[in-house]
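A short write-up of the structure that comes next.
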Amino acid sequence: MIVGVLGLQGDIREHCLALGECGVDVAVVRRKAEIEAVDALVIPGGESTTIAHLAQVFDLIDVIRSRIGSGMPVYGSCAGMILLANRVLDAAPNQITFGGLDITVRRNAFGRQVDSFEADLDLDGMNESIRAVFIRAPWVESTGPAVSVLASVVSPDGQRRAVAVRQGPLLATSFHPELTSDNRIHRYFLDEVCSKSK
Ligand code: GLN
């Protein structure tokens, strides 16, 4: 199996390292043919408007949408979550997404860059909590019936917010496991999402 990391902007290298440590073959992809050739895709954290803009410039929107539509496993962290969402609140003007995940995300929901934070999260199906890094992160405001919430945090206004979700072959987190040495989310993607979506 080859996992592609969408190589337009963001923490591409960190995802490649984490996936490599999990023992899977990794390719940075930024051309149509490269995206056609991978078995699964990771959309890194970064800036969703920039990634979407570059995806339009490189004419990748249709190929990514079509691969998502035909069931390719995809994991998106932070900006990657936004790019997988069907609906975005506080989007930039004309901001587009690849879509596929039946969620509404709120961009920059936890506040500005200075409001970035870390939290210990209990994730469905994992025995020990995960130290999660949130950087100008989105939260999931609402989910459709096919979406499972895997983890949530309490936001500054006291409400519980979903920050890790899965819908079949699509996995998304508001946080950045690629910025820590804990590869359990990447392993979960490979072992639970990719292997069981064949
Ligand atoms: N706020 C960014 C966006 O809208 C996401 C931040 C991140 O990926 N760390 O894309």
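Naming works like this for the structure tokens: A, B, ... for the chains as they're shown, residue 1 at the start of each chain, ligands 1 onward in shown order.
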Between chain A and ligand 1, at 6 Å or less, what are the per-residue closest atom pairs and their distances in Å? Count only C-alpha atoms and all ligand atoms, order by chain and rising residue number, and return it as a Markdown table.
| residue | atom | partner | partner_atom_place_in_ligand_line | distance |
| --- | --- | --- | --- | --- |
| A:Gly45 | CA | ligand 1 | 8 (O) | 3.6 |
| A:Gly46 | CA | ligand 1 | 8 (O) | 3.8 |
| A:Glu47 | CA | ligand 1 | 10 (O) | 3.5 |
| A:Ser48 | CA | ligand 1 | 10 (O) | 3.4 |
| A:Thr49 | CA | ligand 1 | 10 (O) | 5.9 |
| A:Cys78 | CA | ligand 1 | 8 (O) | 4.1 |
| A:Ala79 | CA | ligand 1 | 8 (O) | 3.8 |
| A:Arg107 | CA | ligand 1 | 4 (O) | 5.3 |
| A:Asn108 | CA | ligand 1 | 1 (N) | 4.8 |
| A:Ile135 | CA | ligand 1 | 9 (N) | 4.5 |
| A:Arg136 | CA | ligand 1 | 1 (N) | 4.7 |
| A:Ala137 | CA | ligand 1 | 6 (C) | 5.1 |
Residues from last step as file, N, CA, C and O atoms, as a PDB file, in the first residue's frame:
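Done, and the output landed in out.pdb:
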ATOM      1  N   GLY A  45      -2.082  19.430   8.031  1.00  0.00           N
ATOM      2  CA  GLY A  45      -2.427  20.705   8.636  1.00  0.00           C
ATOM      3  C   GLY A  45      -1.633  21.805   7.960  1.00  0.00           C
ATOM      4  O   GLY A  45      -0.579  21.561   7.373  1.00  0.00           O
ATOM      5  N   GLY A  46      -2.143  22.994   8.039  1.00  0.00           N
ATOM      6  CA  GLY A  46      -1.508  24.131   7.370  1.00  0.00           C
ATOM      7  C   GLY A  46      -2.534  25.238   7.281  1.00  0.00           C
ATOM      8  O   GLY A  46      -3.130  25.614   8.278  1.00  0.00           O
ATOM      9  N   GLU A  47      -2.787  25.699   6.088  1.00  0.00           N
ATOM     10  CA  GLU A  47      -3.787  26.748   5.890  1.00  0.00           C
ATOM     11  C   GLU A  47      -4.743  26.275   4.793  1.00  0.00           C
ATOM     12  O   GLU A  47      -4.340  26.136   3.640  1.00  0.00           O
ATOM     13  N   SER A  48      -5.988  26.043   5.198  1.00  0.00           N
ATOM     14  CA  SER A  48      -6.935  25.425   4.255  1.00  0.00           C
ATOM     15  C   SER A  48      -7.173  26.290   3.021  1.00  0.00           C
ATOM     16  O   SER A  48      -7.350  25.766   1.925  1.00  0.00           O
ATOM     17  N   THR A  49      -7.158  27.623   3.189  1.00  0.00           N
ATOM     18  CA  THR A  49      -7.403  28.485   2.016  1.00  0.00           C
ATOM     19  C   THR A  49      -6.243  28.369   1.026  1.00  0.00           C
ATOM     20  O   THR A  49      -6.449  28.353  -0.185  1.00  0.00           O
ATOM     21  N   CYS A  78      -6.490  19.048  10.943  1.00  0.00           N
ATOM     22  CA  CYS A  78      -6.679  20.503  11.067  1.00  0.00           C
ATOM     23  C   CYS A  78      -7.127  21.130   9.740  1.00  0.00           C
ATOM     24  O   CYS A  78      -8.278  20.962   9.371  1.00  0.00           O
ATOM     25  N   ALA A  79      -6.260  21.806   9.003  1.00  0.00           N
ATOM     26  CA  ALA A  79      -6.677  22.330   7.699  1.00  0.00           C
ATOM     27  C   ALA A  79      -7.220  21.194   6.840  1.00  0.00           C
ATOM     28  O   ALA A  79      -8.161  21.381   6.049  1.00  0.00           O
ATOM     29  N   ARG A 107     -14.138  27.190  11.229  1.00  0.00           N
ATOM     30  CA  ARG A 107     -12.710  27.510  11.076  1.00  0.00           C
ATOM     31  C   ARG A 107     -12.242  28.416  12.201  1.00  0.00           C
ATOM     32  O   ARG A 107     -12.971  29.286  12.644  1.00  0.00           O
ATOM     33  N   ASN A 108     -10.999  28.222  12.639  1.00  0.00           N
ATOM     34  CA  ASN A 108     -10.376  29.065  13.671  1.00  0.00           C
ATOM     35  C   ASN A 108     -11.277  29.179  14.902  1.00  0.00           C
ATOM     36  O   ASN A 108     -11.304  30.220  15.568  1.00  0.00           O
ATOM     37  N   ILE A 135      -3.689  24.090  16.889  1.00  0.00           N
ATOM     38  CA  ILE A 135      -3.114  25.356  16.417  1.00  0.00           C
ATOM     39  C   ILE A 135      -4.146  26.050  15.529  1.00  0.00           C
ATOM     40  O   ILE A 135      -4.431  25.593  14.429  1.00  0.00           O
ATOM     41  N   ARG A 136      -4.710  27.126  16.023  1.00  0.00           N
ATOM     42  CA  ARG A 136      -5.751  27.849  15.275  1.00  0.00           C
ATOM     43  C   ARG A 136      -6.721  26.840  14.645  1.00  0.00           C
ATOM     44  O   ARG A 136      -7.002  26.854  13.444  1.00  0.00           O
ATOM     45  N   ALA A 137      -7.203  25.995  15.545  1.00  0.00           N
ATOM     46  CA  ALA A 137      -7.899  24.783  15.091  1.00  0.00           C
ATOM     47  C   ALA A 137      -9.390  25.020  14.844  1.00  0.00           C
ATOM     48  O   ALA A 137     -10.006  25.875  15.480  1.00  0.00           O
TER      49      ALA A 137
END
Going by DSSP on the backbone, which bits of stretch 42-115 of chain A are strand (DSSP E or B)? Write them as a VMD selection string, please. chain A and resid 42 to 43 74 to 77 85 to 89 101 to 106
Residues from last step as file, N, CA and C atoms, as a PDB file, in the first residue's frame:
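Full text of part-v3.pdb as output:
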ATOM      1  N   VAL A  42      -3.286  11.567   2.791  1.00  0.00           N
ATOM      2  CA  VAL A  42      -3.307  12.394   3.995  1.00  0.00           C
ATOM      3  C   VAL A  42      -3.268  13.852   3.556  1.00  0.00           C
ATOM      4  N   ILE A  43      -4.181  14.641   4.124  1.00  0.00           N
ATOM      5  CA  ILE A  43      -4.185  16.080   3.842  1.00  0.00           C
ATOM      6  C   ILE A  43      -3.664  16.766   5.095  1.00  0.00           C
ATOM      7  N   VAL A  74      -9.044   8.653   3.359  1.00  0.00           N
ATOM      8  CA  VAL A  74      -8.359   9.950   3.492  1.00  0.00           C
ATOM      9  C   VAL A  74      -8.356  10.352   4.948  1.00  0.00           C
ATOM     10  N   TYR A  75      -7.208  10.841   5.409  1.00  0.00           N
ATOM     11  CA  TYR A  75      -7.104  11.413   6.754  1.00  0.00           C
ATOM     12  C   TYR A  75      -6.719  12.884   6.626  1.00  0.00           C
ATOM     13  N   GLY A  76      -7.466  13.763   7.254  1.00  0.00           N
ATOM     14  CA  GLY A  76      -7.142  15.190   7.240  1.00  0.00           C
ATOM     15  C   GLY A  76      -6.914  15.691   8.650  1.00  0.00           C
ATOM     16  N   SER A  77      -5.767  16.356   8.879  1.00  0.00           N
ATOM     17  CA  SER A  77      -5.550  16.968  10.196  1.00  0.00           C
ATOM     18  C   SER A  77      -5.710  18.482  10.056  1.00  0.00           C
ATOM     19  N   ALA A  85     -14.456  18.716   4.864  1.00  0.00           N
ATOM     20  CA  ALA A  85     -15.812  19.016   5.346  1.00  0.00           C
ATOM     21  C   ALA A  85     -16.739  19.423   4.204  1.00  0.00           C
ATOM     22  N   ASN A  86     -17.988  18.998   4.314  1.00  0.00           N
ATOM     23  CA  ASN A  86     -18.977  19.432   3.318  1.00  0.00           C
ATOM     24  C   ASN A  86     -19.407  20.877   3.540  1.00  0.00           C
ATOM     25  N   ARG A  87     -19.320  21.347   4.792  1.00  0.00           N
ATOM     26  CA  ARG A  87     -19.764  22.709   5.101  1.00  0.00           C
ATOM     27  C   ARG A  87     -18.774  23.391   6.043  1.00  0.00           C
ATOM     28  N   VAL A  88     -18.454  24.677   5.768  1.00  0.00           N
ATOM     29  CA  VAL A  88     -17.479  25.424   6.576  1.00  0.00           C
ATOM     30  C   VAL A  88     -18.101  26.726   7.056  1.00  0.00           C
ATOM     31  N   LEU A  89     -18.036  26.964   8.366  1.00  0.00           N
ATOM     32  CA  LEU A  89     -18.457  28.247   8.931  1.00  0.00           C
ATOM     33  C   LEU A  89     -17.205  29.106   9.112  1.00  0.00           C
ATOM     34  N   LEU A 101     -16.929  14.520   3.856  1.00  0.00           N
ATOM     35  CA  LEU A 101     -17.333  14.301   5.251  1.00  0.00           C
ATOM     36  C   LEU A 101     -18.576  15.129   5.530  1.00  0.00           C
ATOM     37  N   ASP A 102     -19.610  14.460   6.028  1.00  0.00           N
ATOM     38  CA  ASP A 102     -20.882  15.137   6.278  1.00  0.00           C
ATOM     39  C   ASP A 102     -20.832  15.862   7.626  1.00  0.00           C
ATOM     40  N   ILE A 103     -19.967  16.866   7.676  1.00  0.00           N
ATOM     41  CA  ILE A 103     -19.827  17.664   8.909  1.00  0.00           C
ATOM     42  C   ILE A 103     -19.845  19.147   8.552  1.00  0.00           C
ATOM     43  N   THR A 104     -20.193  19.946   9.563  1.00  0.00           N
ATOM     44  CA  THR A 104     -20.006  21.392   9.459  1.00  0.00           C
ATOM     45  C   THR A 104     -18.862  21.743  10.394  1.00  0.00           C
ATOM     46  N   VAL A 105     -17.795  22.320   9.873  1.00  0.00           N
ATOM     47  CA  VAL A 105     -16.686  22.740  10.746  1.00  0.00           C
ATOM     48  C   VAL A 105     -16.707  24.255  10.887  1.00  0.00           C
ATOM     49  N   ARG A 106     -16.238  24.699  12.042  1.00  0.00           N
ATOM     50  CA  ARG A 106     -16.048  26.142  12.223  1.00  0.00           C
ATOM     51  C   ARG A 106     -14.555  26.406  12.205  1.00  0.00           C
TER      52      ARG A 106
END
Who sits within 6 Å of A:Ala132, only C-alpha atoms, same chain under 3 positions skipped, as a VMD selection string: chain A and resid 118 to 119 175
Can you pull out the residues contacting A:Phe58? Cut-off 9 Å, using only C-alpha atoms, and skip same-chain residues under 6 positions away; I want them as a list of chain:residue names. A:Arg30, A:Arg31, A:Lys32
Can you tell me, as a PyMOL selection string, what residues are no more than 12 Å from A:Gly125 when counting only C-alpha atoms, ignoring any on the same chain fewer than 4 positions away? chain A and resi 121+129-130+149-151+184-185+188+192
Take the residues just selected and output them with all heavy atoms as a short mmCIF file (atom, residue, chain, number, x, y, z; two decimals), in the first residue's frame.
data_model
loop_
_atom_site.label_atom_id
_atom_site.label_comp_id
_atom_site.auth_asym_id
_atom_site.auth_seq_id
_atom_site.Cartn_x
_atom_site.Cartn_y
_atom_site.Cartn_z
N LEU A 121 -6.65 13.99 25.34
CA LEU A 121 -7.95 13.56 24.82
C LEU A 121 -8.15 12.07 25.00
O LEU A 121 -7.23 11.28 24.77
CB LEU A 121 -8.02 13.79 23.30
CG LEU A 121 -8.02 15.19 22.76
CD1 LEU A 121 -8.29 15.13 21.27
CD2 LEU A 121 -9.10 15.99 23.45
N SER A 129 -4.92 8.16 26.94
CA SER A 129 -5.26 9.43 26.32
C SER A 129 -4.15 9.89 25.36
O SER A 129 -3.01 9.44 25.44
CB SER A 129 -5.53 10.48 27.38
OG SER A 129 -4.35 10.72 28.09
N ILE A 130 -4.52 10.80 24.50
CA ILE A 130 -3.60 11.33 23.49
C ILE A 130 -3.34 12.79 23.81
O ILE A 130 -4.28 13.53 24.12
CB ILE A 130 -4.24 11.21 22.09
CG1 ILE A 130 -4.13 9.77 21.63
CG2 ILE A 130 -3.69 12.19 21.10
CD1 ILE A 130 -4.25 9.58 20.15
N VAL A 149 -18.32 10.50 16.17
CA VAL A 149 -17.40 11.39 16.88
C VAL A 149 -16.47 10.51 17.72
O VAL A 149 -16.92 9.72 18.54
CB VAL A 149 -18.18 12.37 17.78
CG1 VAL A 149 -17.22 13.20 18.64
CG2 VAL A 149 -19.04 13.28 16.91
N LEU A 150 -15.15 10.64 17.49
CA LEU A 150 -14.18 9.81 18.20
C LEU A 150 -13.61 10.51 19.42
O LEU A 150 -13.13 9.86 20.34
CB LEU A 150 -13.02 9.43 17.26
CG LEU A 150 -13.38 8.73 15.95
CD1 LEU A 150 -12.14 8.46 15.13
CD2 LEU A 150 -14.11 7.42 16.24
N ALA A 151 -13.60 11.84 19.41
CA ALA A 151 -13.06 12.58 20.56
C ALA A 151 -13.63 13.99 20.58
O ALA A 151 -14.02 14.53 19.55
CB ALA A 151 -11.53 12.65 20.47
N ARG A 184 -0.20 7.07 17.18
CA ARG A 184 -1.39 6.20 17.27
C ARG A 184 -2.51 6.59 16.30
O ARG A 184 -3.24 5.73 15.82
CB ARG A 184 -1.91 6.17 18.71
CG ARG A 184 -1.11 5.19 19.58
CD ARG A 184 -1.62 5.19 20.99
NE ARG A 184 -1.37 6.48 21.63
CZ ARG A 184 -1.99 6.88 22.73
NH1 ARG A 184 -2.89 6.11 23.30
NH2 ARG A 184 -1.69 8.05 23.26
N ILE A 185 -2.64 7.89 16.02
CA ILE A 185 -3.69 8.28 15.06
C ILE A 185 -3.33 7.80 13.65
O ILE A 185 -4.19 7.30 12.91
CB ILE A 185 -3.89 9.81 15.06
CG1 ILE A 185 -4.35 10.29 16.44
CG2 ILE A 185 -4.85 10.25 13.96
CD1 ILE A 185 -5.81 10.12 16.73
N TYR A 188 -3.98 4.18 13.61
CA TYR A 188 -5.43 3.95 13.55
C TYR A 188 -5.91 4.12 12.11
O TYR A 188 -6.69 3.32 11.59
CB TYR A 188 -6.14 4.94 14.48
CG TYR A 188 -7.66 4.86 14.42
CD1 TYR A 188 -8.36 3.94 15.18
CD2 TYR A 188 -8.37 5.72 13.57
CE1 TYR A 188 -9.76 3.86 15.10
CE2 TYR A 188 -9.76 5.65 13.49
CZ TYR A 188 -10.44 4.73 14.25
OH TYR A 188 -11.81 4.65 14.17
N GLU A 192 -7.18 0.66 11.02
CA GLU A 192 -8.64 0.60 11.15
C GLU A 192 -9.36 1.16 9.93
O GLU A 192 -10.36 0.63 9.49
CB GLU A 192 -9.11 1.38 12.40
CG GLU A 192 -8.63 0.78 13.70
CD GLU A 192 -9.16 -0.62 13.93
OE1 GLU A 192 -10.32 -0.88 13.60
OE2 GLU A 192 -8.38 -1.45 14.42
#
Mind listing the helix (DSSP H, G or I) residues of stretch 24-196 of chain A, per DSSP on the backbone, as a ChimeraX atom specification? /A:32-37,48-57,61-69,79-84,113-115,177-179,184-196
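The spacing separating atom CA of A:Val140 from atom CA of A:Cys16 amounts to 25.5 Å.
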Distance in Å - atom CA of A:Val5 versus atom CA of A:Val28: 4.8 Å
Using only C-alpha atoms, which of the listed residues (A:Arg187, A:Lys196, A:Ile68, A:Gly7) sits closest to A:Met126? A:Arg187
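In this structure, atom CA of A:Gln167 sits 18.1 Å away from atom CA of A:Pro44.
With distances taken over only C-alpha atoms, A:Arg166 is the one residue among A:Arg13, A:Arg160, A:Arg67, A:Arg166 lying closest to A:Asp124.
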